[in-house]
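Next up, input-v8.pdb (PDB, C-alpha atoms):
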ATOM      1  CA  MET A   1     -60.907 -21.129  46.299  1.00  0.00           C
ATOM      2  CA  SER A   2     -60.732 -20.576  50.030  1.00  0.00           C
ATOM      3  CA  THR A   3     -62.706 -22.569  52.552  1.00  0.00           C
ATOM      4  CA  ARG A   4     -63.689 -21.460  56.011  1.00  0.00           C
ATOM      5  CA  THR A   5     -61.795 -23.253  58.787  1.00  0.00           C
ATOM      6  CA  GLN A   6     -62.157 -22.778  62.504  1.00  0.00           C
ATOM      7  CA  ILE A   7     -59.101 -23.043  64.735  1.00  0.00           C
ATOM      8  CA  TYR A   8     -58.534 -22.456  68.428  1.00  0.00           C
ATOM      9  CA  LEU A   9     -55.788 -20.089  69.536  1.00  0.00           C
ATOM     10  CA  ASP A  10     -54.615 -19.468  73.050  1.00  0.00           C
ATOM     11  CA  GLU A  11     -54.943 -15.969  74.427  1.00  0.00           C
ATOM     12  CA  LYS A  12     -51.272 -15.136  73.949  1.00  0.00           C
ATOM     13  CA  GLN A  13     -51.361 -16.153  70.303  1.00  0.00           C
ATOM     14  CA  ARG A  14     -54.572 -14.253  69.687  1.00  0.00           C
ATOM     15  CA  ARG A  15     -53.280 -11.033  71.250  1.00  0.00           C
ATOM     16  CA  ALA A  16     -49.935 -11.245  69.456  1.00  0.00           C
ATOM     17  CA  LEU A  17     -51.625 -11.860  66.131  1.00  0.00           C
ATOM     18  CA  LYS A  18     -53.990  -8.922  66.584  1.00  0.00           C
ATOM     19  CA  LEU A  19     -51.087  -6.688  67.520  1.00  0.00           C
ATOM     20  CA  LEU A  20     -49.098  -7.814  64.494  1.00  0.00           C
ATOM     21  CA  ALA A  21     -52.118  -7.387  62.252  1.00  0.00           C
ATOM     22  CA  ALA A  22     -52.683  -3.847  63.473  1.00  0.00           C
ATOM     23  CA  SER A  23     -49.042  -2.882  63.111  1.00  0.00           C
ATOM     24  CA  SER A  24     -48.619  -4.411  59.666  1.00  0.00           C
ATOM     25  CA  ASP A  25     -51.980  -3.369  58.246  1.00  0.00           C
ATOM     26  CA  ARG A  26     -52.873  -6.969  57.436  1.00  0.00           C
ATOM     27  CA  SER A  27     -55.739  -9.117  58.625  1.00  0.00           C
ATOM     28  CA  VAL A  28     -55.298 -11.857  61.200  1.00  0.00           C
ATOM     29  CA  SER A  29     -56.500 -14.348  58.590  1.00  0.00           C
ATOM     30  CA  ASP A  30     -53.867 -13.177  56.159  1.00  0.00           C
ATOM     31  CA  LEU A  31     -51.164 -13.594  58.786  1.00  0.00           C
ATOM     32  CA  VAL A  32     -52.373 -17.110  59.659  1.00  0.00           C
ATOM     33  CA  ARG A  33     -52.388 -18.112  55.985  1.00  0.00           C
ATOM     34  CA  HIS A  34     -48.894 -16.675  55.583  1.00  0.00           C
ATOM     35  CA  ALA A  35     -47.670 -18.630  58.623  1.00  0.00           C
ATOM     36  CA  ILE A  36     -49.203 -21.834  57.265  1.00  0.00           C
ATOM     37  CA  ASP A  37     -47.544 -21.302  53.897  1.00  0.00           C
ATOM     38  CA  ARG A  38     -44.190 -20.889  55.582  1.00  0.00           C
ATOM     39  CA  LEU A  39     -44.713 -24.018  57.648  1.00  0.00           C
ATOM     40  CA  LEU A  40     -45.731 -26.063  54.629  1.00  0.00           C
ATOM     41  CA  ASN A  41     -42.820 -24.776  52.577  1.00  0.00           C
ATOM     42  CA  ASP A  42     -40.448 -25.809  55.350  1.00  0.00           C
ATOM     43  CA  GLU A  43     -42.075 -29.201  55.830  1.00  0.00           C
ATOM     44  CA  PHE A  44     -42.248 -30.132  52.187  1.00  0.00           C
ATOM     45  CA  ALA A  45     -39.058 -28.494  50.954  1.00  0.00           C
ATOM     46  CA  GLY A  46     -37.169 -30.944  48.779  1.00  0.00           C
ATOM     47  CA  LYS A  47     -39.909 -33.564  48.963  1.00  0.00           C
ATOM     48  CA  ASN A  48     -41.806 -34.820  45.984  1.00  0.00           C
ATOM     49  CA  TRP A  49     -45.326 -35.609  47.032  1.00  0.00           C
ATOM     50  CA  ALA A  50     -46.052 -37.919  44.114  1.00  0.00           C
ATOM     51  CA  ASP A  51     -42.971 -40.031  44.808  1.00  0.00           C
ATOM     52  CA  GLU A  52     -43.850 -40.269  48.477  1.00  0.00           C
ATOM     53  CA  MET A  53     -47.439 -41.189  47.742  1.00  0.00           C
ATOM     54  CA  ASP A  54     -46.350 -43.784  45.222  1.00  0.00           C
ATOM     55  CA  ALA A  55     -43.914 -45.246  47.738  1.00  0.00           C
ATOM     56  CA  ALA A  56     -46.674 -45.423  50.355  1.00  0.00           C
ATOM     57  CA  VAL A  57     -48.970 -47.224  47.919  1.00  0.00           C
ATOM     58  CA  GLU A  58     -46.198 -49.575  46.806  1.00  0.00           C
ATOM     59  CA  ARG A  59     -45.380 -50.403  50.420  1.00  0.00           C
ATOM     60  CA  LEU A  60     -49.032 -51.158  51.034  1.00  0.00           C
ATOM     61  CA  ARG A  61     -49.340 -53.265  47.905  1.00  0.00           C
ATOM     62  CA  SER A  62     -46.216 -55.301  48.548  1.00  0.00           C
ATOM     63  CA  SER A  63     -47.065 -55.972  52.174  1.00  0.00           C
ATOM     64  CA  GLY A  64     -49.449 -58.770  51.270  1.00  0.00           C
ATOM     65  CA  PRO A  65     -50.456 -61.072  48.467  1.00  0.00           C
ATOM     66  CA  GLU A  66     -51.734 -59.742  45.173  1.00  0.00           C
ATOM     67  CA  LEU A  67     -55.504 -59.652  45.149  1.00  0.00           C
ATOM     68  CA  SER A  68     -58.013 -59.753  42.382  1.00  0.00           C
ATOM     69  CA  GLU A  69     -60.632 -57.030  42.120  1.00  0.00           C
ATOM     70  CA  ALA A  70     -63.237 -59.579  43.093  1.00  0.00           C
ATOM     71  CA  ALA A  71     -61.284 -60.435  46.233  1.00  0.00           C
ATOM     72  CA  VAL A  72     -61.039 -56.781  47.201  1.00  0.00           C
ATOM     73  CA  VAL A  73     -64.763 -56.246  46.687  1.00  0.00           C
ATOM     74  CA  ALA A  74     -65.462 -59.417  48.672  1.00  0.00           C
ATOM     75  CA  ALA A  75     -63.255 -58.144  51.512  1.00  0.00           C
ATOM     76  CA  VAL A  76     -65.202 -54.898  51.667  1.00  0.00           C
ATOM     77  CA  GLU A  77     -68.501 -56.808  51.661  1.00  0.00           C
ATOM     78  CA  LYS A  78     -67.336 -59.237  54.309  1.00  0.00           C
ATOM     79  CA  ARG A  79     -66.212 -56.471  56.617  1.00  0.00           C
ATOM     80  CA  ARG A  80     -69.469 -54.565  56.133  1.00  0.00           C
ATOM     81  CA  LYS A  81     -71.491 -57.677  56.935  1.00  0.00           C
ATOM     82  CA  ARG A  82     -69.439 -58.366  60.025  1.00  0.00           C
ATOM     83  CA  GLN A  83     -69.921 -54.788  61.209  1.00  0.00           C
ATOM     84  CA  HIS A  84     -73.629 -54.966  60.504  1.00  0.00           C
ATOM     85  CA  GLN A  85     -73.930 -58.168  62.525  1.00  0.00           C
ATOM     86  CA  SER A  86     -71.989 -56.709  65.437  1.00  0.00           C
ATOM     87  CA  ASN A  87     -74.242 -53.629  65.367  1.00  0.00           C
ATOM     88  CA  ILE A  88     -77.295 -55.874  65.559  1.00  0.00           C
ATOM     89  CA  ALA A  89     -75.724 -57.821  68.405  1.00  0.00           C
ATOM     90  CA  VAL A  90     -75.175 -54.596  70.321  1.00  0.00           C
TER
ATOM     91  CA  MET B   1     -54.140 -43.996  33.902  1.00  0.00           C
ATOM     92  CA  LEU B   2     -56.341 -42.524  36.579  1.00  0.00           C
ATOM     93  CA  TYR B   3     -53.772 -43.137  39.260  1.00  0.00           C
ATOM     94  CA  GLU B   4     -51.021 -41.545  37.201  1.00  0.00           C
ATOM     95  CA  ALA B   5     -53.258 -38.544  36.577  1.00  0.00           C
ATOM     96  CA  TYR B   6     -53.840 -38.345  40.306  1.00  0.00           C
ATOM     97  CA  LEU B   7     -50.100 -38.325  40.978  1.00  0.00           C
ATOM     98  CA  ARG B   8     -49.661 -35.607  38.373  1.00  0.00           C
ATOM     99  CA  GLY B   9     -52.215 -33.473  40.163  1.00  0.00           C
ATOM    100  CA  GLY B  10     -54.885 -33.696  37.492  1.00  0.00           C
ATOM    101  CA  ILE B  11     -57.420 -35.109  39.907  1.00  0.00           C
ATOM    102  CA  THR B  12     -58.619 -33.913  43.265  1.00  0.00           C
ATOM    103  CA  ILE B  13     -59.686 -36.670  45.606  1.00  0.00           C
ATOM    104  CA  ILE B  14     -62.618 -35.918  47.839  1.00  0.00           C
ATOM    105  CA  THR B  15     -63.226 -38.045  50.863  1.00  0.00           C
ATOM    106  CA  SER B  16     -64.631 -37.972  54.375  1.00  0.00           C
ATOM    107  CA  GLY B  17     -64.094 -39.618  57.729  1.00  0.00           C
ATOM    108  CA  PRO B  18     -66.367 -42.632  57.163  1.00  0.00           C
ATOM    109  CA  LEU B  19     -64.768 -43.384  53.795  1.00  0.00           C
ATOM    110  CA  VAL B  20     -61.260 -43.130  55.170  1.00  0.00           C
ATOM    111  CA  ASP B  21     -62.275 -45.301  58.125  1.00  0.00           C
ATOM    112  CA  GLU B  22     -63.641 -47.944  55.800  1.00  0.00           C
ATOM    113  CA  ILE B  23     -60.552 -47.973  53.610  1.00  0.00           C
ATOM    114  CA  ALA B  24     -58.245 -48.237  56.613  1.00  0.00           C
ATOM    115  CA  GLY B  25     -60.415 -50.842  58.347  1.00  0.00           C
ATOM    116  CA  THR B  26     -60.723 -53.018  55.280  1.00  0.00           C
ATOM    117  CA  LEU B  27     -57.030 -52.817  54.488  1.00  0.00           C
ATOM    118  CA  ILE B  28     -56.092 -53.817  58.023  1.00  0.00           C
ATOM    119  CA  GLU B  29     -58.859 -56.217  59.018  1.00  0.00           C
ATOM    120  CA  ALA B  30     -59.923 -57.850  55.811  1.00  0.00           C
ATOM    121  CA  LEU B  31     -56.850 -57.545  53.626  1.00  0.00           C
ATOM    122  CA  GLN B  32     -54.340 -58.072  56.426  1.00  0.00           C
ATOM    123  CA  ARG B  33     -52.135 -55.124  55.534  1.00  0.00           C
ATOM    124  CA  PRO B  34     -49.749 -53.913  58.273  1.00  0.00           C
ATOM    125  CA  PRO B  35     -51.278 -51.061  60.300  1.00  0.00           C
ATOM    126  CA  ASP B  36     -48.178 -48.903  59.988  1.00  0.00           C
ATOM    127  CA  ALA B  37     -48.216 -49.190  56.177  1.00  0.00           C
ATOM    128  CA  VAL B  38     -51.918 -48.375  56.150  1.00  0.00           C
ATOM    129  CA  GLU B  39     -51.412 -45.386  58.430  1.00  0.00           C
ATOM    130  CA  ASN B  40     -48.600 -44.128  56.228  1.00  0.00           C
ATOM    131  CA  PHE B  41     -50.775 -44.469  53.152  1.00  0.00           C
ATOM    132  CA  ILE B  42     -53.788 -42.784  54.753  1.00  0.00           C
ATOM    133  CA  THR B  43     -51.621 -39.910  55.979  1.00  0.00           C
ATOM    134  CA  HIS B  44     -50.327 -39.240  52.478  1.00  0.00           C
ATOM    135  CA  LEU B  45     -53.759 -39.667  50.997  1.00  0.00           C
ATOM    136  CA  CYS B  46     -55.483 -37.246  53.352  1.00  0.00           C
ATOM    137  CA  ALA B  47     -52.689 -34.694  53.058  1.00  0.00           C
ATOM    138  CA  HIS B  48     -53.581 -34.234  49.415  1.00  0.00           C
ATOM    139  CA  ALA B  49     -57.316 -34.801  49.464  1.00  0.00           C
ATOM    140  CA  GLU B  50     -60.279 -32.698  50.410  1.00  0.00           C
ATOM    141  CA  VAL B  51     -61.431 -34.388  53.603  1.00  0.00           C
ATOM    142  CA  LEU B  52     -64.962 -33.170  54.174  1.00  0.00           C
ATOM    143  CA  PRO B  53     -67.179 -33.252  57.218  1.00  0.00           C
ATOM    144  CA  ILE B  54     -70.455 -34.988  56.430  1.00  0.00           C
ATOM    145  CA  ARG B  55     -73.771 -35.124  58.247  1.00  0.00           C
ATOM    146  CA  HIS B  56     -74.516 -38.818  57.731  1.00  0.00           C
ATOM    147  CA  GLN B  57     -77.573 -38.122  55.639  1.00  0.00           C
ATOM    148  CA  ILE B  58     -79.760 -41.016  54.642  1.00  0.00           C
ATOM    149  CA  MET B  59     -79.501 -41.237  50.887  1.00  0.00           C
ATOM    150  CA  GLY B  60     -81.582 -44.374  50.537  1.00  0.00           C
ATOM    151  CA  CYS B  61     -78.920 -46.753  49.278  1.00  0.00           C
ATOM    152  CA  LEU B  62     -79.671 -50.449  49.675  1.00  0.00           C
ATOM    153  CA  ASP B  63     -76.504 -50.723  51.759  1.00  0.00           C
ATOM    154  CA  PRO B  64     -76.459 -47.787  54.208  1.00  0.00           C
ATOM    155  CA  LYS B  65     -72.663 -47.914  54.091  1.00  0.00           C
ATOM    156  CA  ASP B  66     -72.936 -46.522  50.563  1.00  0.00           C
ATOM    157  CA  ASP B  67     -74.798 -43.432  51.787  1.00  0.00           C
ATOM    158  CA  PRO B  68     -71.651 -41.592  52.942  1.00  0.00           C
ATOM    159  CA  VAL B  69     -70.082 -42.187  49.533  1.00  0.00           C
ATOM    160  CA  LEU B  70     -72.912 -40.342  47.819  1.00  0.00           C
ATOM    161  CA  GLU B  71     -73.109 -37.665  50.484  1.00  0.00           C
ATOM    162  CA  THR B  72     -69.380 -37.012  50.273  1.00  0.00           C
ATOM    163  CA  ALA B  73     -69.494 -36.776  46.497  1.00  0.00           C
ATOM    164  CA  ILE B  74     -72.411 -34.371  46.505  1.00  0.00           C
ATOM    165  CA  SER B  75     -71.106 -32.321  49.391  1.00  0.00           C
ATOM    166  CA  GLY B  76     -67.688 -32.029  47.738  1.00  0.00           C
ATOM    167  CA  ARG B  77     -69.222 -31.276  44.331  1.00  0.00           C
ATOM    168  CA  ALA B  78     -67.362 -34.162  42.797  1.00  0.00           C
ATOM    169  CA  ASN B  79     -67.706 -34.796  39.115  1.00  0.00           C
ATOM    170  CA  PHE B  80     -67.271 -38.530  39.458  1.00  0.00           C
ATOM    171  CA  ILE B  81     -67.512 -41.413  41.866  1.00  0.00           C
ATOM    172  CA  VAL B  82     -65.049 -44.026  40.714  1.00  0.00           C
ATOM    173  CA  THR B  83     -65.980 -47.473  41.898  1.00  0.00           C
ATOM    174  CA  PHE B  84     -66.324 -51.076  40.988  1.00  0.00           C
ATOM    175  CA  ASP B  85     -69.064 -51.607  43.523  1.00  0.00           C
ATOM    176  CA  LYS B  86     -71.976 -53.025  41.536  1.00  0.00           C
ATOM    177  CA  ARG B  87     -74.526 -51.588  43.940  1.00  0.00           C
ATOM    178  CA  LEU B  88     -73.264 -48.069  43.380  1.00  0.00           C
ATOM    179  CA  LEU B  89     -73.227 -48.607  39.655  1.00  0.00           C
ATOM    180  CA  LYS B  90     -76.811 -49.837  39.690  1.00  0.00           C
ATOM    181  CA  LEU B  91     -78.509 -47.550  42.159  1.00  0.00           C
ATOM    182  CA  PRO B  92     -82.295 -47.396  42.182  1.00  0.00           C
ATOM    183  CA  ASP B  93     -83.429 -44.914  39.553  1.00  0.00           C
ATOM    184  CA  TYR B  94     -84.688 -42.287  41.980  1.00  0.00           C
ATOM    185  CA  ILE B  95     -81.326 -42.146  43.749  1.00  0.00           C
ATOM    186  CA  ALA B  96     -79.323 -42.309  40.537  1.00  0.00           C
ATOM    187  CA  ASP B  97     -81.361 -39.424  39.126  1.00  0.00           C
ATOM    188  CA  TYR B  98     -80.842 -37.343  42.247  1.00  0.00           C
ATOM    189  CA  VAL B  99     -77.093 -37.951  42.235  1.00  0.00           C
ATOM    190  CA  ARG B 100     -76.889 -37.117  38.534  1.00  0.00           C
ATOM    191  CA  ARG B 101     -78.806 -33.897  39.079  1.00  0.00           C
ATOM    192  CA  GLN B 102     -76.190 -32.931  41.654  1.00  0.00           C
ATOM    193  CA  GLY B 103     -73.576 -33.183  38.914  1.00  0.00           C
ATOM    194  CA  VAL B 104     -72.054 -36.463  40.049  1.00  0.00           C
ATOM    195  CA  GLU B 105     -71.498 -39.301  37.622  1.00  0.00           C
ATOM    196  CA  ILE B 106     -70.866 -42.800  38.920  1.00  0.00           C
ATOM    197  CA  VAL B 107     -68.370 -44.648  36.767  1.00  0.00           C
ATOM    198  CA  LEU B 108     -66.703 -48.015  36.771  1.00  0.00           C
ATOM    199  CA  SER B 109     -63.163 -47.783  38.088  1.00  0.00           C
ATOM    200  CA  CYS B 110     -61.707 -50.023  35.437  1.00  0.00           C
ATOM    201  CA  GLU B 111     -62.922 -52.342  32.808  1.00  0.00           C
ATOM    202  CA  ASP B 112     -59.721 -53.775  31.502  1.00  0.00           C
ATOM    203  CA  GLY B 113     -57.675 -53.863  34.685  1.00  0.00           C
ATOM    204  CA  LYS B 114     -55.385 -51.159  33.367  1.00  0.00           C
ATOM    205  CA  THR B 115     -57.108 -48.011  34.531  1.00  0.00           C
ATOM    206  CA  PHE B 116     -54.741 -47.599  37.418  1.00  0.00           C
ATOM    207  CA  GLY B 117     -51.671 -48.851  35.609  1.00  0.00           C
ATOM    208  CA  PRO B 118     -49.649 -51.890  36.533  1.00  0.00           C
ATOM    209  CA  GLN B 119     -49.639 -51.250  40.256  1.00  0.00           C
ATOM    210  CA  GLY B 120     -52.187 -53.866  41.203  1.00  0.00           C
ATOM    211  CA  PRO B 121     -55.590 -54.087  42.757  1.00  0.00           C
ATOM    212  CA  VAL B 122     -54.709 -52.727  46.164  1.00  0.00           C
ATOM    213  CA  LYS B 123     -54.043 -49.426  44.537  1.00  0.00           C
ATOM    214  CA  LYS B 124     -57.387 -49.723  42.841  1.00  0.00           C
ATOM    215  CA  PHE B 125     -59.020 -50.434  46.134  1.00  0.00           C
ATOM    216  CA  ALA B 126     -57.367 -47.431  47.631  1.00  0.00           C
ATOM    217  CA  ILE B 127     -59.176 -45.289  45.178  1.00  0.00           C
ATOM    218  CA  GLU B 128     -62.321 -47.337  44.897  1.00  0.00           C
ATOM    219  CA  HIS B 129     -64.309 -45.372  47.386  1.00  0.00           C
ATOM    220  CA  LEU B 130     -62.719 -42.089  46.661  1.00  0.00           C
ATOM    221  CA  LEU B 131     -63.993 -39.469  44.374  1.00  0.00           C
ATOM    222  CA  ARG B 132     -62.434 -37.468  41.658  1.00  0.00           C
ATOM    223  CA  LYS B 133     -63.279 -34.100  40.252  1.00  0.00           C
ATOM    224  CA  GLU B 134     -61.922 -31.800  37.625  1.00  0.00           C
ATOM    225  CA  CYS B 135     -60.596 -34.866  35.918  1.00  0.00           C
ATOM    226  CA  ASN B 136     -58.702 -34.003  32.779  1.00  0.00           C
ATOM    227  CA  VAL B 137     -57.611 -37.484  31.904  1.00  0.00           C
ATOM    228  CA  PRO B 138     -58.729 -38.860  28.569  1.00  0.00           C
TER
END

Could you write out this file's structure as structure tokens?
Amino acid sequence: MSTRTQIYLDEKQRRALKLLAASSDRSVSDLVRHAIDRLLNDEFAGKNWADEMDAAVERLRSSGPELSEAAVVAAVEKRRKRQHQSNIAV
Amino acid sequence: MLYEAYLRGGITIITSGPLVDEIAGTLIEALQRPPDAVENFITHLCAHAEVLPIRHQIMGCLDPKDDPVLETAISGRANFIVTFDKRLLKLPDYIADYVRRQGVEIVLSCEDGKTFGPQGPVKKFAIEHLLRKECNVP
């Protein structure tokens, strides 16, 4: 499924893309998607997303004491209350 | 189990700016996690989530901070909201009915402490306010 996304291009990029689209019989959107795919392939080549995500979570988890679910819920509540009070103060 | 399914790609996480802000803020301010570790986590999370714009609609939750959770779920056509927030699990009937009619089910994140595997509650928190859809896990 595709979703509509708005991006800003400078004039040079826009002109070059239109020229390329006309000469290659492809739409500008198709060219942009192709360019994004190439970028993402380059960026993520050889990387395993799941391992990286797991490492990020593990780093987060190990950077402080273990917490019970109740403590986590309490932390969320406490922060919300503090924000609510500061909003009232403002 | 849910977390493992997420890593395998069986679950799409749907989130929005206010939810990400709350996760990051709570991790840093209330749970004292290092900002760089939180930023790293959020970056990875958002890279593989649907991060939706929302309009800050009033949904009528007792805590207005819960409104964006419902709005994000509905807007993203989520199948589930996974949470252990008692307020979300016991919404007033008229809100619960509305959410259900939009195809969103609100479920408890874990009942036996094992839903997310042995990784600990921070991982659970990380997913607490996030939403899953197309969940094929048992």

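Computed from the coordinates, the atom CA of Val57 of chain A to atom CA of Ser75 of chain B distance equals 26.7 Å.
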
Test item: residues at most 8 Å from Ile106 of chain B, all atoms listed in the file, excluding those fewer than 5 positions along its chain, as a ChimeraX atom specification
/B:80-83,88-89

Inset, instruction - Using all atoms listed in the file, find the one residue out of B:Phe84, B:Leu19, B:Gln102, B:Met59 that sits nearest to Ala70 of chain A. - result: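 Smallest separation from Ala70 of chain A among the options: B:Phe84.
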
Residues matched by the PyMOL selection byres ((chain A and resi 12-17) around 12) as a count of residues only
23

Requested in this report: Enter the distance from atom CA of Ala78 of chain B to atom CA of Thr12 of chain B, in Å, rounded to one decimal.
Outcome: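 Calculated distance between atom CA of Ala78 of chain B and atom CA of Thr12 of chain B is 8.8 Å.
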
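For the pair atom CA of Gly76 of chain B and atom CA of Ile14 of chain B, the separation is 6.4 Å.
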
Residue with the minimum atom-to-atom distance to Asp85 of chain B, picked from B:Ile11, B:Phe41, B:Asp66, B:Arg55 with all atoms listed in the file counted, is B:Asp66

With 9 Å as the limit and counting only C-alpha atoms, what residues in chain A lie close to chain B? Please list them as a ChimeraX atom specification.
/A:49-61,63-69,72-73,75-76,78-80

Using C-alpha atoms, can you export the residues from the last selection as an mmCIF file, keeping the file's coordinate frame?
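Heads up, here's the output in result.cif:
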data_model
loop_
_atom_site.group_PDB
_atom_site.id
_atom_site.type_symbol
_atom_site.label_atom_id
_atom_site.label_comp_id
_atom_site.auth_asym_id
_atom_site.auth_seq_id
_atom_site.Cartn_x
_atom_site.Cartn_y
_atom_site.Cartn_z
ATOM 1 C CA TRP A 49 -45.326 -35.609 47.032
ATOM 2 C CA ALA A 50 -46.052 -37.919 44.114
ATOM 3 C CA ASP A 51 -42.971 -40.031 44.808
ATOM 4 C CA GLU A 52 -43.850 -40.269 48.477
ATOM 5 C CA MET A 53 -47.439 -41.189 47.742
ATOM 6 C CA ASP A 54 -46.350 -43.784 45.222
ATOM 7 C CA ALA A 55 -43.914 -45.246 47.738
ATOM 8 C CA ALA A 56 -46.674 -45.423 50.355
ATOM 9 C CA VAL A 57 -48.970 -47.224 47.919
ATOM 10 C CA GLU A 58 -46.198 -49.575 46.806
ATOM 11 C CA ARG A 59 -45.380 -50.403 50.420
ATOM 12 C CA LEU A 60 -49.032 -51.158 51.034
ATOM 13 C CA ARG A 61 -49.340 -53.265 47.905
ATOM 14 C CA SER A 63 -47.065 -55.972 52.174
ATOM 15 C CA GLY A 64 -49.449 -58.770 51.270
ATOM 16 C CA PRO A 65 -50.456 -61.072 48.467
ATOM 17 C CA GLU A 66 -51.734 -59.742 45.173
ATOM 18 C CA LEU A 67 -55.504 -59.652 45.149
ATOM 19 C CA SER A 68 -58.013 -59.753 42.382
ATOM 20 C CA GLU A 69 -60.632 -57.030 42.120
ATOM 21 C CA VAL A 72 -61.039 -56.781 47.201
ATOM 22 C CA VAL A 73 -64.763 -56.246 46.687
ATOM 23 C CA ALA A 75 -63.255 -58.144 51.512
ATOM 24 C CA VAL A 76 -65.202 -54.898 51.667
ATOM 25 C CA LYS A 78 -67.336 -59.237 54.309
ATOM 26 C CA ARG A 79 -66.212 -56.471 56.617
ATOM 27 C CA ARG A 80 -69.469 -54.565 56.133
#

List the neighbours of Thr15 of chain B out to 7 Å using only C-alpha atoms; skip same-chain residues closer than 2 positions along the sequence, and give me the result as a list in words.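 Here the qualifying residues turn out to be Ile13, Leu19, Val20, Ala49, Glu50, Val51, Leu52, Thr72, Leu130 and Leu131 of chain B.
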
Residues just named, written with C-alpha atoms as a compact mmCIF listing (two decimals), keeping the file's coordinate frame:
# COMPACT_ATOMS: atom_id res chain seq x y z
CA ILE B 13 -59.69 -36.67 45.61
CA LEU B 19 -64.77 -43.38 53.80
CA VAL B 20 -61.26 -43.13 55.17
CA ALA B 49 -57.32 -34.80 49.46
CA GLU B 50 -60.28 -32.70 50.41
CA VAL B 51 -61.43 -34.39 53.60
CA LEU B 52 -64.96 -33.17 54.17
CA THR B 72 -69.38 -37.01 50.27
CA LEU B 130 -62.72 -42.09 46.66
CA LEU B 131 -63.99 -39.47 44.37

Of B:Ala24, B:Asp67, B:Arg77, B:Leu62, the one sitting nearest Lys90 of chain B when using only C-alpha atoms is B:Leu62

Could the centre and edge lengths of an axis-aligned box, enclosing all atoms of segment 80-88 of chain A in the file with 8 Å extra on each side, be given in Å to one decimal as JSON?
{"center_x": -73.4, "center_y": -56.0, "center_z": 60.8, "size_x": 23.9, "size_y": 20.7, "size_z": 25.4}
